[in-house]
file coords01.cif (mmCIF, C-alpha atoms)
data_model
loop_
_atom_site.label_atom_id
_atom_site.label_comp_id
_atom_site.auth_asym_id
_atom_site.auth_seq_id
_atom_site.Cartn_x
_atom_site.Cartn_y
_atom_site.Cartn_z
CA MET A 281 -57.15 8.31 -62.55
CA VAL A 282 -54.20 9.41 -60.43
CA PHE A 283 -52.45 10.63 -63.57
CA PHE A 284 -55.53 12.66 -64.60
CA ARG A 285 -55.84 14.35 -61.22
CA SER A 286 -52.15 15.28 -61.28
CA TYR A 287 -52.54 16.69 -64.77
CA VAL A 288 -55.49 18.91 -63.70
CA ALA A 289 -53.58 20.14 -60.65
CA TRP A 290 -50.54 21.08 -62.71
CA THR A 291 -52.79 22.82 -65.27
CA ILE A 292 -54.36 24.98 -62.56
CA VAL A 293 -50.93 25.94 -61.26
CA TRP A 294 -49.73 26.79 -64.79
CA LEU A 295 -52.77 28.99 -65.49
CA ALA A 296 -52.25 30.82 -62.23
CA LEU A 297 -48.68 31.62 -63.25
CA VAL A 298 -49.28 32.76 -66.83
CA LEU A 299 -52.62 34.57 -66.58
CA PRO A 300 -52.72 38.15 -65.19
CA SER A 301 -54.07 38.21 -61.68
CA ALA A 302 -57.12 40.33 -60.84
CA PRO A 303 -56.61 43.17 -58.33
CA THR A 304 -57.15 42.23 -54.72
CA PHE A 305 -59.21 45.39 -53.97
CA ALA A 306 -61.90 47.48 -55.67
CA GLY A 307 -62.16 51.22 -56.19
CA GLU A 308 -63.94 52.94 -53.30
CA TYR A 309 -65.66 56.28 -52.56
CA ARG A 310 -65.66 57.86 -49.10
CA ALA A 311 -68.05 60.62 -47.95
CA LEU A 312 -68.60 61.11 -44.22
CA VAL A 313 -68.75 64.21 -42.00
CA SER A 314 -69.91 64.99 -38.45
CA ALA A 315 -71.82 68.09 -37.32
CA VAL A 316 -74.03 69.36 -34.54
CA THR A 317 -77.52 70.67 -35.18
CA GLY A 318 -77.56 74.13 -36.71
CA GLU A 319 -73.94 73.81 -37.89
CA THR A 320 -72.51 74.17 -41.40
CA VAL A 321 -69.55 71.90 -42.21
CA ARG A 322 -67.53 70.99 -45.30
CA LEU A 323 -68.04 67.50 -46.78
CA ASP A 324 -65.23 66.02 -48.90
CA VAL A 325 -66.04 63.31 -51.46
CA GLN A 326 -62.94 61.14 -51.95
CA PHE A 327 -62.05 58.22 -54.25
CA ALA A 328 -59.28 55.61 -54.13
CA GLY A 329 -58.66 53.61 -57.32
CA ASP A 330 -58.08 49.86 -57.75
CA GLY A 331 -55.00 50.18 -59.99
CA GLU A 332 -57.03 49.97 -63.22
CA THR A 333 -59.91 52.45 -62.99
CA VAL A 334 -59.39 55.53 -65.18
CA GLU A 335 -62.97 56.88 -65.28
CA THR A 336 -65.56 56.97 -62.49
CA GLU A 337 -68.56 58.86 -61.16
CA VAL A 338 -71.12 58.63 -58.39
CA THR A 339 -74.43 60.28 -57.51
CA LEU A 340 -75.25 60.41 -53.78
CA SER A 341 -78.82 60.74 -52.53
CA PHE A 342 -80.26 61.37 -49.06
CA ALA A 343 -83.94 61.04 -48.16
CA THR A 344 -84.32 63.83 -45.59
CA ALA A 345 -84.92 67.55 -45.33
CA PHE A 346 -82.72 67.84 -42.23
CA ILE A 347 -79.62 68.65 -44.25
CA SER A 348 -79.04 71.00 -47.18
CA MET A 349 -76.08 71.40 -49.52
CA SER A 350 -74.48 74.47 -51.10
CA GLU A 351 -71.28 75.88 -52.60
CA PRO A 352 -69.92 72.81 -54.41
CA VAL A 353 -66.22 73.07 -55.28
CA ALA A 354 -64.53 70.66 -57.71
CA GLN A 355 -60.81 70.07 -57.96
CA PRO A 356 -59.27 71.03 -61.33
CA GLY A 357 -60.53 68.65 -64.00
CA ALA A 358 -63.28 67.17 -61.78
CA ILE A 359 -67.03 67.90 -61.61
CA CYS A 360 -69.02 68.62 -58.45
CA HIS A 361 -72.71 69.32 -59.04
CA ILE A 362 -75.82 69.64 -56.84
CA VAL A 363 -78.48 67.84 -58.91
CA SER A 364 -81.46 68.48 -56.60
CA PRO A 365 -82.11 69.42 -52.94
CA THR A 366 -81.51 65.75 -51.96
CA ARG A 367 -78.94 64.63 -54.52
CA PHE A 368 -75.45 65.60 -55.73
CA ARG A 369 -72.95 64.15 -58.21
CA ALA A 370 -69.17 63.82 -58.07
CA ILE A 371 -67.06 62.98 -61.15
CA PRO A 372 -63.30 62.73 -60.45
CA VAL A 373 -60.74 63.76 -63.02
CA SER A 374 -60.15 61.45 -65.97
CA GLY A 375 -57.02 59.36 -65.75
CA GLY A 376 -56.80 58.99 -69.54
CA ASN A 377 -54.66 55.90 -70.02
CA LEU A 378 -53.35 56.01 -66.45
CA PRO A 379 -55.16 54.56 -63.42
CA LEU A 380 -56.49 56.96 -60.82
CA SER A 381 -54.58 57.27 -57.53
CA PRO A 382 -54.99 54.25 -55.21
CA THR A 383 -54.95 56.56 -52.17
CA PHE A 384 -58.04 58.48 -51.10
CA THR A 385 -58.06 61.81 -52.96
CA THR A 386 -60.60 64.63 -52.58
CA TYR A 387 -62.26 65.47 -55.91
CA CYS A 388 -65.42 67.26 -54.71
CA SER A 389 -66.29 69.38 -51.64
CA VAL A 390 -69.68 70.78 -50.63
CA ASN A 391 -71.12 72.73 -47.68
CA VAL A 392 -73.59 70.73 -45.56
CA THR A 393 -75.92 72.60 -43.20
CA VAL A 394 -77.70 70.59 -40.51
CA ALA A 395 -81.14 71.79 -39.43
CA GLU A 396 -81.67 72.87 -35.81
CA ASN A 397 -84.28 70.08 -35.38
CA ALA A 398 -82.24 67.33 -37.04
CA PRO A 399 -82.33 64.00 -35.15
CA ILE A 400 -79.17 62.67 -33.54
CA GLY A 401 -77.50 59.92 -35.57
CA LEU A 402 -76.41 59.17 -39.13
CA ILE A 403 -78.21 60.65 -42.12
CA PRO A 404 -76.94 58.13 -44.73
CA PHE A 405 -76.05 58.63 -48.39
CA THR A 406 -77.38 56.17 -50.97
CA PRO A 407 -75.16 55.67 -54.04
CA LEU A 408 -76.80 56.04 -57.43
CA ASP A 409 -75.13 55.63 -60.83
CA LEU A 410 -71.89 54.36 -59.24
CA GLU A 411 -69.66 53.46 -62.18
CA CYS A 412 -65.97 52.69 -62.72
CA TYR A 413 -64.19 51.85 -66.01
CA ASN A 414 -60.68 50.85 -67.04
CA ALA A 415 -58.71 52.12 -70.05
CA GLN A 416 -60.44 49.53 -72.31
CA ALA A 417 -63.88 50.91 -71.30
CA GLN A 418 -64.56 47.75 -69.30
CA ARG A 419 -66.64 48.13 -66.17
CA ARG A 420 -64.77 47.74 -62.87
CA GLY A 421 -66.22 46.94 -59.51
CA CYS A 422 -66.32 49.90 -57.07
CA SER A 423 -68.33 50.86 -54.02
CA LEU A 424 -69.22 53.52 -51.44
CA ARG A 425 -67.61 52.95 -48.04
CA SER A 426 -70.01 52.42 -45.16
CA PRO A 427 -70.92 54.40 -43.23
CA SER A 428 -71.28 57.42 -45.51
CA GLY A 429 -73.41 60.46 -44.85
CA VAL A 430 -73.78 63.17 -42.23
CA ARG A 431 -73.43 62.09 -38.61
CA VAL A 432 -75.40 64.43 -36.34
CA THR A 433 -73.56 64.21 -33.03
CA GLY A 434 -75.65 66.32 -30.69
CA PRO A 435 -77.17 69.69 -29.89
CA PRO A 436 -75.16 72.77 -30.85
CA GLY A 437 -72.82 74.48 -28.42
CA PRO A 438 -73.52 78.02 -27.24
CA ARG A 439 -72.34 80.90 -29.39
CA THR A 440 -69.03 82.35 -28.22
CA LEU A 441 -67.00 85.17 -29.73
CA ARG A 442 -63.43 85.12 -31.02
CA TYR A 443 -61.34 88.13 -32.04
CA THR A 444 -58.68 88.88 -34.67
CA PRO A 445 -56.34 90.27 -33.42
CA SER A 446 -56.71 88.47 -30.11
CA LEU A 447 -58.15 90.11 -27.02
CA GLY A 448 -55.77 92.52 -25.31
CA SER A 449 -53.64 93.09 -28.43
CA THR A 450 -52.53 96.67 -29.06
CA ILE A 451 -54.10 98.15 -32.19
CA SER A 452 -51.37 100.35 -33.69
CA PHE A 453 -51.99 102.65 -36.65
CA ALA A 454 -49.43 103.33 -39.39
CA GLN A 455 -46.88 106.10 -38.86
CA GLY A 456 -48.14 109.45 -40.17
CA VAL A 457 -46.48 112.57 -41.52
CA ILE A 458 -48.78 115.50 -40.78
CA ALA A 459 -50.81 116.07 -37.60
CA GLY A 460 -54.54 116.40 -38.22
CA THR A 461 -54.65 114.01 -41.19
CA GLN A 462 -56.40 110.65 -41.20
CA ALA A 463 -54.55 107.36 -40.71
CA PRO A 464 -55.57 104.27 -42.71
CA PRO A 465 -58.35 102.55 -40.72
CA LYS A 466 -57.84 99.41 -38.63
CA THR A 467 -60.37 96.62 -38.11
CA ILE A 468 -61.11 94.05 -35.43
CA GLU A 469 -62.78 90.95 -36.87
CA VAL A 470 -65.26 89.30 -34.49
CA GLY A 471 -66.14 85.69 -35.33
CA VAL A 472 -68.50 83.14 -33.79
CA ASN A 473 -68.06 79.59 -32.49
CA GLY A 474 -71.11 77.45 -31.80
CA SER A 475 -74.64 77.99 -33.03
CA SER A 476 -76.92 78.07 -30.01
CA GLY A 477 -78.28 81.27 -28.54
CA VAL A 478 -77.25 84.87 -29.22
CA ALA A 479 -73.93 86.62 -28.67
CA SER A 480 -73.31 90.35 -28.66
CA LEU A 481 -70.91 93.23 -28.08
CA SER A 482 -72.39 96.41 -26.67
CA ALA A 483 -71.46 99.82 -25.24
CA CYS A 484 -68.21 99.96 -27.26
CA SER A 485 -66.30 103.18 -26.51
CA VAL A 486 -62.81 104.69 -26.51
CA SER A 487 -61.37 106.26 -23.36
CA GLY A 488 -58.02 107.57 -22.20
CA PRO A 489 -55.81 110.66 -22.64
CA GLY A 490 -55.90 110.56 -26.45
CA ALA A 491 -59.49 109.34 -26.91
CA GLU A 492 -60.52 112.39 -28.94
CA HIS A 493 -58.20 111.31 -31.76
CA PHE A 494 -60.06 108.01 -32.37
CA SER A 495 -63.32 107.05 -34.05
CA LEU A 496 -65.27 103.77 -33.88
CA THR A 497 -68.09 102.26 -35.94
CA PRO A 498 -70.34 100.53 -35.07
CA THR A 499 -70.54 100.67 -31.29
CA ALA A 500 -72.51 97.42 -30.93
CA LEU A 501 -72.72 94.03 -32.70
CA THR A 502 -75.30 91.22 -32.43
CA PHE A 503 -74.60 87.66 -33.63
CA GLU A 504 -77.55 85.39 -34.48
CA ASN A 505 -75.75 83.24 -37.08
CA SER A 506 -72.21 82.14 -37.93
CA GLU A 507 -71.21 85.20 -39.96
CA SER A 508 -68.24 87.29 -38.75
CA GLN A 509 -68.56 91.05 -38.26
CA GLU A 510 -66.10 93.94 -37.87
CA LEU A 511 -65.37 96.92 -35.65
CA VAL A 512 -63.73 99.69 -37.70
CA LEU A 513 -61.37 102.11 -35.93
CA GLY A 514 -60.17 105.46 -37.25
CA CYS A 515 -57.38 107.76 -36.09
CA THR A 516 -56.59 111.45 -36.66
CA TYR A 517 -52.85 111.89 -36.21
CA PRO A 518 -52.27 113.82 -32.97
CA ALA A 519 -49.74 116.53 -32.21
CA ASP A 520 -49.01 114.93 -28.83
CA THR A 521 -50.56 111.94 -27.03
CA GLY A 522 -52.25 109.32 -29.21
CA THR A 523 -52.99 106.44 -26.82
CA ALA A 524 -56.35 105.19 -25.55
CA VAL A 525 -58.30 101.99 -24.78
CA LEU A 526 -61.24 100.46 -26.65
CA THR A 527 -63.72 98.72 -24.32
CA CYS A 528 -66.78 96.64 -25.28
CA ILE A 529 -69.14 94.57 -23.11
CA GLU A 530 -69.20 90.95 -24.33
CA PHE A 531 -72.25 88.74 -23.77
CA ASP A 532 -72.12 85.14 -25.07
CA GLY A 533 -72.12 81.52 -23.95
CA ASP A 534 -68.95 82.04 -21.89
CA THR A 535 -69.92 85.41 -20.43
CA PRO A 536 -73.55 85.42 -19.25
CA PHE A 537 -75.51 88.56 -18.42
CA PRO A 538 -74.52 91.25 -17.54
CA GLY A 539 -71.44 90.44 -19.64
CA THR A 540 -67.71 91.02 -19.33
CA PRO A 541 -65.61 94.02 -20.47
CA ARG A 542 -63.23 93.24 -23.34
CA THR A 543 -60.42 95.71 -24.07
CA PHE A 544 -57.89 96.60 -26.78
CA PRO A 545 -55.14 99.22 -26.20
CA LEU A 546 -54.97 101.77 -29.05
CA ASN A 547 -51.95 103.66 -30.37
CA CYS A 548 -52.08 106.46 -32.94
CA PRO A 549 -48.45 107.64 -33.29
CA VAL A 550 -47.40 111.28 -33.31
CA PRO A 551 -46.50 112.14 -36.94
CA SER A 552 -42.88 112.01 -37.96
CA PRO A 553 -41.90 114.37 -40.79
CA PRO A 554 -40.30 112.70 -43.77
CA ALA A 555 -36.55 112.69 -44.10
CA SER A 556 -35.20 115.76 -45.87
CA ILE A 557 -33.91 115.22 -49.41
CA ASN A 558 -31.21 117.41 -50.91
CA PRO A 559 -32.07 118.73 -54.39
CA THR A 560 -29.94 118.10 -57.44
CA VAL A 561 -28.65 121.20 -59.25
CA SER A 562 -28.55 121.83 -62.99
CA THR A 563 -27.27 124.90 -64.86
CA SER A 564 -28.34 127.04 -67.77
CA PRO A 565 -26.40 126.98 -70.01
CA ILE A 566 -25.18 123.42 -69.48
CA SER A 567 -21.66 122.56 -68.38
CA GLY A 568 -19.05 123.02 -71.11
CA ALA A 569 -20.83 125.93 -72.81
CA THR A 570 -18.98 129.08 -73.92
CA ILE A 571 -20.28 132.39 -72.59
CA ASN A 572 -19.86 135.41 -74.89
CA THR A 573 -20.16 138.97 -73.57
CA TYR A 574 -20.27 142.45 -75.16
CA ALA A 575 -19.04 145.86 -74.00
CA PRO A 576 -19.76 149.28 -75.56
CA THR A 577 -16.33 150.81 -74.91
CA VAL A 578 -12.79 149.78 -74.14
CA GLY A 579 -12.39 149.48 -70.38
CA SER A 580 -16.03 148.66 -69.75
CA LEU A 581 -17.29 145.35 -68.45
CA GLY A 582 -19.13 142.82 -70.57
CA ILE A 583 -21.33 140.46 -68.57
CA GLY A 584 -23.14 137.15 -68.89
CA TYR A 585 -25.10 134.89 -66.59
CA ILE A 586 -25.15 131.29 -65.38
CA GLY A 587 -28.48 130.12 -63.98
CA LEU A 588 -28.49 127.61 -61.10
CA ILE A 589 -31.64 125.47 -60.86
CA ALA A 590 -32.58 123.18 -57.94
CA ASN A 591 -34.47 120.03 -58.92
CA GLY A 592 -36.51 117.99 -56.44
CA GLY A 593 -35.60 118.05 -52.77
CA SER A 594 -37.84 118.16 -49.74
CA GLY A 595 -37.97 119.34 -46.17
CA VAL A 596 -34.87 121.25 -45.11
CA GLY A 597 -32.66 119.50 -47.65
CA SER A 598 -30.09 121.76 -49.34
CA THR A 599 -27.21 121.55 -51.78
CA LEU A 600 -24.14 123.81 -51.60
CA VAL A 601 -22.74 125.27 -54.84
CA SER A 602 -19.37 127.03 -54.82
CA CYS A 603 -18.24 128.88 -57.99
CA SER A 604 -14.77 130.29 -58.77
CA ALA A 605 -13.30 132.14 -61.78
CA SER A 606 -9.87 132.03 -63.41
CA GLY A 607 -7.99 134.27 -65.82
CA ALA A 608 -9.47 137.71 -66.52
CA VAL A 609 -12.95 136.68 -65.42
CA GLU A 610 -14.75 138.12 -62.41
CA ILE A 611 -17.95 136.83 -60.80
CA ALA A 612 -20.64 137.80 -58.30
CA ALA A 613 -24.05 136.62 -57.12
CA PHE A 614 -26.75 138.40 -59.15
CA PRO A 615 -27.54 141.32 -59.03
CA LEU A 616 -24.14 142.38 -57.66
CA ARG A 617 -21.37 143.68 -59.97
CA PRO A 618 -18.64 141.08 -60.74
CA SER A 619 -15.69 142.07 -58.61
CA GLY A 620 -13.30 139.17 -58.21
CA PRO A 621 -12.59 135.49 -58.81
CA GLY A 622 -14.69 134.25 -55.90
CA PRO A 623 -15.48 131.78 -54.59
CA ILE A 624 -19.17 132.66 -54.58
CA GLN A 625 -21.39 130.23 -52.69
CA PHE A 626 -25.08 129.42 -53.10
CA VAL A 627 -27.33 127.26 -50.94
CA MET A 628 -29.97 125.64 -53.20
CA THR A 629 -33.21 124.36 -51.61
CA ALA A 630 -36.60 123.19 -52.82
CA SER A 631 -38.10 126.55 -51.83
CA ASP A 632 -35.22 128.69 -53.19
CA ASP A 633 -34.80 126.80 -56.45
CA PHE A 634 -33.35 129.44 -58.82
CA GLN A 635 -30.31 131.66 -58.41
CA ALA A 636 -27.89 133.26 -60.88
CA LEU A 637 -24.17 133.91 -61.11
CA THR A 638 -23.08 137.12 -62.88
CA VAL A 639 -19.97 136.65 -65.04
CA GLY A 640 -17.89 139.62 -66.26
CA SER A 641 -14.73 140.46 -68.18
CA VAL A 642 -13.23 143.87 -69.09
CA LEU A 643 -12.87 144.84 -72.77
CA THR A 644 -9.18 145.74 -73.14
CA SER A 645 -9.02 146.49 -76.86
CA GLY A 646 -11.51 147.31 -79.52
CA THR A 647 -9.52 145.45 -82.17
CA SER A 648 -8.35 142.33 -80.27
CA PRO A 649 -9.71 139.00 -81.54
CA VAL A 650 -12.32 137.13 -79.49
CA GLU A 651 -10.52 134.65 -77.27
CA ALA A 652 -11.01 132.97 -73.94
CA ALA A 653 -10.68 135.40 -71.08
CA GLY A 654 -10.86 132.60 -68.51
CA THR A 655 -13.13 129.99 -67.02
CA VAL A 656 -15.80 129.56 -64.35
CA THR A 657 -15.97 126.31 -62.37
CA CYS A 658 -18.76 125.44 -59.96
CA GLN A 659 -18.45 122.66 -57.41
CA ILE A 660 -21.84 121.12 -56.58
CA ALA A 661 -22.06 118.98 -53.44
CA ASN A 662 -22.35 115.26 -54.26
CA GLN A 663 -22.41 116.01 -58.00
CA THR A 664 -19.88 116.36 -60.80
CA ASP A 665 -18.28 119.81 -61.12
CA VAL A 666 -19.50 122.03 -63.95
CA ALA A 667 -17.23 124.37 -65.95
CA PHE A 668 -17.69 127.15 -68.53
CA ILE A 669 -15.41 129.08 -70.88
CA VAL A 670 -15.85 132.87 -70.79
CA ASN A 671 -14.70 134.75 -73.92
CA SER A 672 -13.24 138.21 -73.78
CA PRO A 673 -15.86 140.85 -74.56
CA ARG A 674 -16.67 141.96 -78.09
CA LEU A 675 -16.97 145.67 -78.94
CA ILE A 676 -20.48 146.80 -79.75
CA PRO A 677 -20.30 148.97 -82.92
CA PRO A 678 -21.70 152.48 -82.43
CA ASP A 679 -25.48 152.82 -82.98
CA ILE A 680 -25.83 149.11 -83.75
CA SER A 681 -27.65 146.87 -81.36
CA PRO A 682 -25.79 143.57 -80.98
CA PRO A 683 -27.51 140.25 -81.58
CA PRO A 684 -28.31 138.15 -78.49
CA PRO A 685 -25.01 136.53 -77.46
CA PRO A 686 -25.18 132.72 -77.83
CA GLY A 687 -24.97 131.11 -74.41
CA GLY A 688 -24.63 134.46 -72.72
CA GLY A 689 -28.26 135.29 -71.99
CA LEU A 690 -30.42 134.51 -69.04
CA PRO A 691 -32.20 131.18 -68.97
CA GLY A 692 -35.33 131.27 -71.12
CA GLY A 693 -33.74 133.42 -73.85
CA VAL A 694 -33.91 136.75 -72.02
CA THR A 695 -30.89 138.89 -72.97
CA PRO A 696 -29.54 141.16 -70.22
CA PRO A 697 -27.92 144.60 -70.71
CA GLN A 698 -24.35 144.26 -71.94
CA SER A 699 -22.41 146.73 -69.82
CA ILE A 700 -22.23 147.29 -66.11
CA ASP A 701 -20.37 150.63 -66.19
CA ALA A 702 -23.24 152.72 -67.53
CA LEU A 703 -25.99 151.15 -65.40
CA THR A 704 -28.41 153.52 -63.71
CA PRO A 705 -30.89 152.63 -60.98
CA ALA A 706 -33.52 152.24 -63.69
CA TRP A 707 -31.33 149.74 -65.53
CA LEU A 708 -30.72 147.83 -62.33
CA ALA A 709 -34.48 147.58 -61.80
CA ALA A 710 -34.89 146.36 -65.36
CA LEU A 711 -32.20 143.73 -64.81
CA ALA A 712 -34.03 142.41 -61.75
CA LEU A 713 -37.29 142.24 -63.72
CA LEU A 714 -35.62 140.39 -66.59
CA LEU A 715 -34.06 137.85 -64.23
CA ALA A 716 -37.44 137.22 -62.56
CA VAL A 717 -39.07 136.66 -65.97
CA GLY A 718 -36.29 134.29 -66.92
CA SER A 719 -36.64 132.25 -63.73
CA VAL A 720 -40.39 131.90 -64.25
CA LEU A 721 -39.84 130.68 -67.81
CA VAL A 722 -37.30 128.13 -66.64
CA LEU A 723 -39.60 126.83 -63.94
CA ILE A 724 -42.50 126.52 -66.41
CA ARG A 725 -40.32 124.66 -68.86
CA ARG A 726 -38.96 122.35 -66.16
CA ARG A 727 -42.37 121.52 -64.65
#
call {"tool": "encode", "arguments": {"input": "coords01.cif", "output": "structure tokens"}}
result
Amino acid sequence: MVFFRSYVAWTIVWLALVLPSAPTFAGEYRALVSAVTGETVRLDVQFAGDGETVETEVTLSFATAFISMSEPVAQPGAICHIVSPTRFRAIPVSGGNLPLSPTFTTYCSVNVTVAENAPIGLIPFTPLDLECYNAQAQRRGCSLRSPSGVRVTGPPGPRTLRYTPSLGSTISFAQGVIAGTQAPPKTIEVGVNGSSGVASLSACSVSGPGAEHFSLTPTALTFENSESQELVLGCTYPADTGTAVLTCIEFDGDTPFPGTPRTFPLNCPVPSPPASINPTVSTSPISGATINTYAPTVGSLGIGYIGLIANGGSGVGSTLVSCSASGAVEIAAFPLRPSGPGPIQFVMTASDDFQALTVGSVLTSGTSPVEAAGTVTCQIANQTDVAFIVNSPRLIPPDISPPPPPGGGLPGGVTPPQSIDALTPAWLAALALLLAVGSVLVLIRRR
């Protein structure tokens, strides 16, 4: 008999060593929240696994009309569903072949609103369809932690107001550019704490030396629920002073009748013009081009043109251009007659965005071959220098009108008269007209 008892004892010990042990805890749900009457709170439904559970779900029921549920939110992969006015279901994510987390994890959240006449104490949840399974689809033991439900802790506190930004903060508008234009609006968010009684803001107004530059809507707010509201402020950028004070009378649980003034300093800054931007300058023809000119007689001057075009720029920004000639080339600012090598300077701005340089060379022989008479180089501030080759003039055969000289016309394809010597006042007027037409064409093409 002693031998038999020893054998049984050793067998029990052996089985305990070789057989897998069962977990020492079970999967558990947790769902508990506290609220005062009339309050809306967020209830989190959490689950902690037992080391084996991979699938689970629970339906929670409550037998009362003193609470209502809304706005269920499920975590990714989970399900959170209001089945009926007194029942909702939570299904955590599937673990697949892996056990769910053994620490309490929120899988479902729902808004719970407690009625104003709800009794003090716990409104319990009753678990229905509480199921847990392991990876082999075997049922596992799980439970709902007690207590679970909505604990009504007492009557609601009085409604009080809170402000964003906080009371006394300066409301500053964005920096403007032009006086008399509207700034982007600013808002003051007014929220509510507590749920008992009524809170309000009244007699809201703006006062101070720059009050006329501000607008406000609305001028009164009444709070009978928990929803936030806004005061919207506007500002017209002033030419001088843009400071004032917003004052409202607050009446709530902390400030009984007749209420307390609440203030916010206001600042609408005097506009600051934008920084000036210097234009970039391009030329027509482009740098490196050869300018050909024509003259009717030996000793007369053949001319061509280089257009200077300002691109972009703003404010009082400007770009200096300085042009010089070499060799037998003379230059001048249009419409003057070329009379020397320069330098000739131009100040290019956004408002004065087209100017022209007149280029000239004297025809010395009617039979000499066309060759370079010299060059024109223009230095443009903060840009690469531009340079042009100017050929010696060609003789215009008698009674034959020359073709338009390549690269030697005004921008836009307008060809100017070819000789300065024989110009009359009428020709000078025509030259001015042609240059104006050319500038308009260039601007149209550029824009």
call {"tool": "atom_distance", "arguments": {"input": "coords01.cif", "atom1": "atom CA of Ser449 of chain A", "atom2": "atom CA of Pro551 of chain A"}}
result
22.1 Å
call {"tool": "residues_around", "arguments": {"input": "coords01.cif", "residues": "Pro618 of chain A", "least_positions_apart": "4", "cutoff": "8 Å", "atoms": "only C-alpha atoms", "output": "PDB file with C-alpha atoms, in the coordinates of the input"}}
result
ATOM      1  CA  GLU A 610     -14.750 138.120 -62.410  1.00  0.00           C
ATOM      2  CA  ILE A 611     -17.950 136.830 -60.800  1.00  0.00           C
ATOM      3  CA  ALA A 612     -20.640 137.800 -58.300  1.00  0.00           C
ATOM      4  CA  ALA A 613     -24.050 136.620 -57.120  1.00  0.00           C
ATOM      5  CA  THR A 638     -23.080 137.120 -62.880  1.00  0.00           C
ATOM      6  CA  VAL A 639     -19.970 136.650 -65.040  1.00  0.00           C
ATOM      7  CA  GLY A 640     -17.890 139.620 -66.260  1.00  0.00           C
TER       8      GLY A 640
END
call {"tool": "closest_residue", "arguments": {"input": "coords01.cif", "among": "A:Ser446, A:Thr385, A:Ser341, A:Ser564", "to": "Gly584 of chain A", "atoms": "all atoms listed in the file"}}
result
A:Ser564
call {"tool": "resolve_selection", "arguments": {"input": "coords01.cif", "expression": "the PyMOL selection byres ((chain A and resi 484) around 6)", "output": "PyMOL selection string"}}
result
chain A and resi 482-483+485+499+527-528
call {"tool": "resolve_selection", "arguments": {"input": "coords01.cif", "expression": "the PyMOL selection byres ((chain A and resi 480) around 9)", "output": "PDB file with C-alpha atoms, in the coordinates of the input"}}
result
ATOM      1  CA  LEU A 441     -67.000  85.170 -29.730  1.00  0.00           C
ATOM      2  CA  VAL A 478     -77.250  84.870 -29.220  1.00  0.00           C
ATOM      3  CA  ALA A 479     -73.930  86.620 -28.670  1.00  0.00           C
ATOM      4  CA  LEU A 481     -70.910  93.230 -28.080  1.00  0.00           C
ATOM      5  CA  SER A 482     -72.390  96.410 -26.670  1.00  0.00           C
ATOM      6  CA  ALA A 500     -72.510  97.420 -30.930  1.00  0.00           C
ATOM      7  CA  LEU A 501     -72.720  94.030 -32.700  1.00  0.00           C
ATOM      8  CA  THR A 502     -75.300  91.220 -32.430  1.00  0.00           C
ATOM      9  CA  PHE A 503     -74.600  87.660 -33.630  1.00  0.00           C
ATOM     10  CA  GLU A 504     -77.550  85.390 -34.480  1.00  0.00           C
ATOM     11  CA  ILE A 529     -69.140  94.570 -23.110  1.00  0.00           C
ATOM     12  CA  GLU A 530     -69.200  90.950 -24.330  1.00  0.00           C
ATOM     13  CA  PHE A 531     -72.250  88.740 -23.770  1.00  0.00           C
ATOM     14  CA  ASP A 532     -72.120  85.140 -25.070  1.00  0.00           C
TER      15      ASP A 532
END
call {"tool": "closest_residue", "arguments": {"input": "coords01.cif", "among": "A:Gly307, A:Pro559, A:Gly622, A:Gly582", "to": "Asn662 of chain A", "atoms": "all atoms listed in the file"}}
result
A:Pro559
call {"tool": "closest_residue", "arguments": {"input": "coords01.cif", "among": "A:Tyr443, A:Phe634, A:Phe368, A:Phe544", "to": "Thr560 of chain A", "atoms": "all atoms listed in the file"}}
result
A:Phe634
call {"tool": "resolve_selection", "arguments": {"input": "coords01.cif", "expression": "the PyMOL selection byres ((chain A and resi 330) around 10)", "output": "VMD selection string"}}
result
chain A and resid 303 to 308 327 to 329 331 to 334 379 to 383 412 414 420 to 422
call {"tool": "residues_around", "arguments": {"input": "coords01.cif", "residues": "Arg367 of chain A", "least_positions_apart": "4", "cutoff": "7 Å", "atoms": "only C-alpha atoms", "output": "ChimeraX atom specification"}}
result
/A:339-342,362-363
call {"tool": "residues_around", "arguments": {"input": "coords01.cif", "residues": "segment 643-645 of chain A", "least_positions_apart": "5", "cutoff": "10 Å", "atoms": "all atoms listed in the file", "output": "list of chain:residue names"}}
result
A:Thr573, A:Tyr574, A:Ala575, A:Pro576, A:Thr577, A:Val578, A:Gly579, A:Ser580, A:Leu581, A:Gly582, A:Ala653, A:Ser672, A:Pro673, A:Arg674, A:Leu675
call {"tool": "residues_around", "arguments": {"input": "coords01.cif", "residues": "segment 486-496 of chain A", "least_positions_apart": "3", "cutoff": "6 Å", "atoms": "all atoms listed in the file", "output": "ChimeraX atom specification"}}
result
/A:512-516,521-526
call {"tool": "atom_distance", "arguments": {"input": "coords01.cif", "atom1": "atom CA of Thr655 of chain A", "atom2": "atom CA of Pro623 of chain A"}}
result
12.8 Å
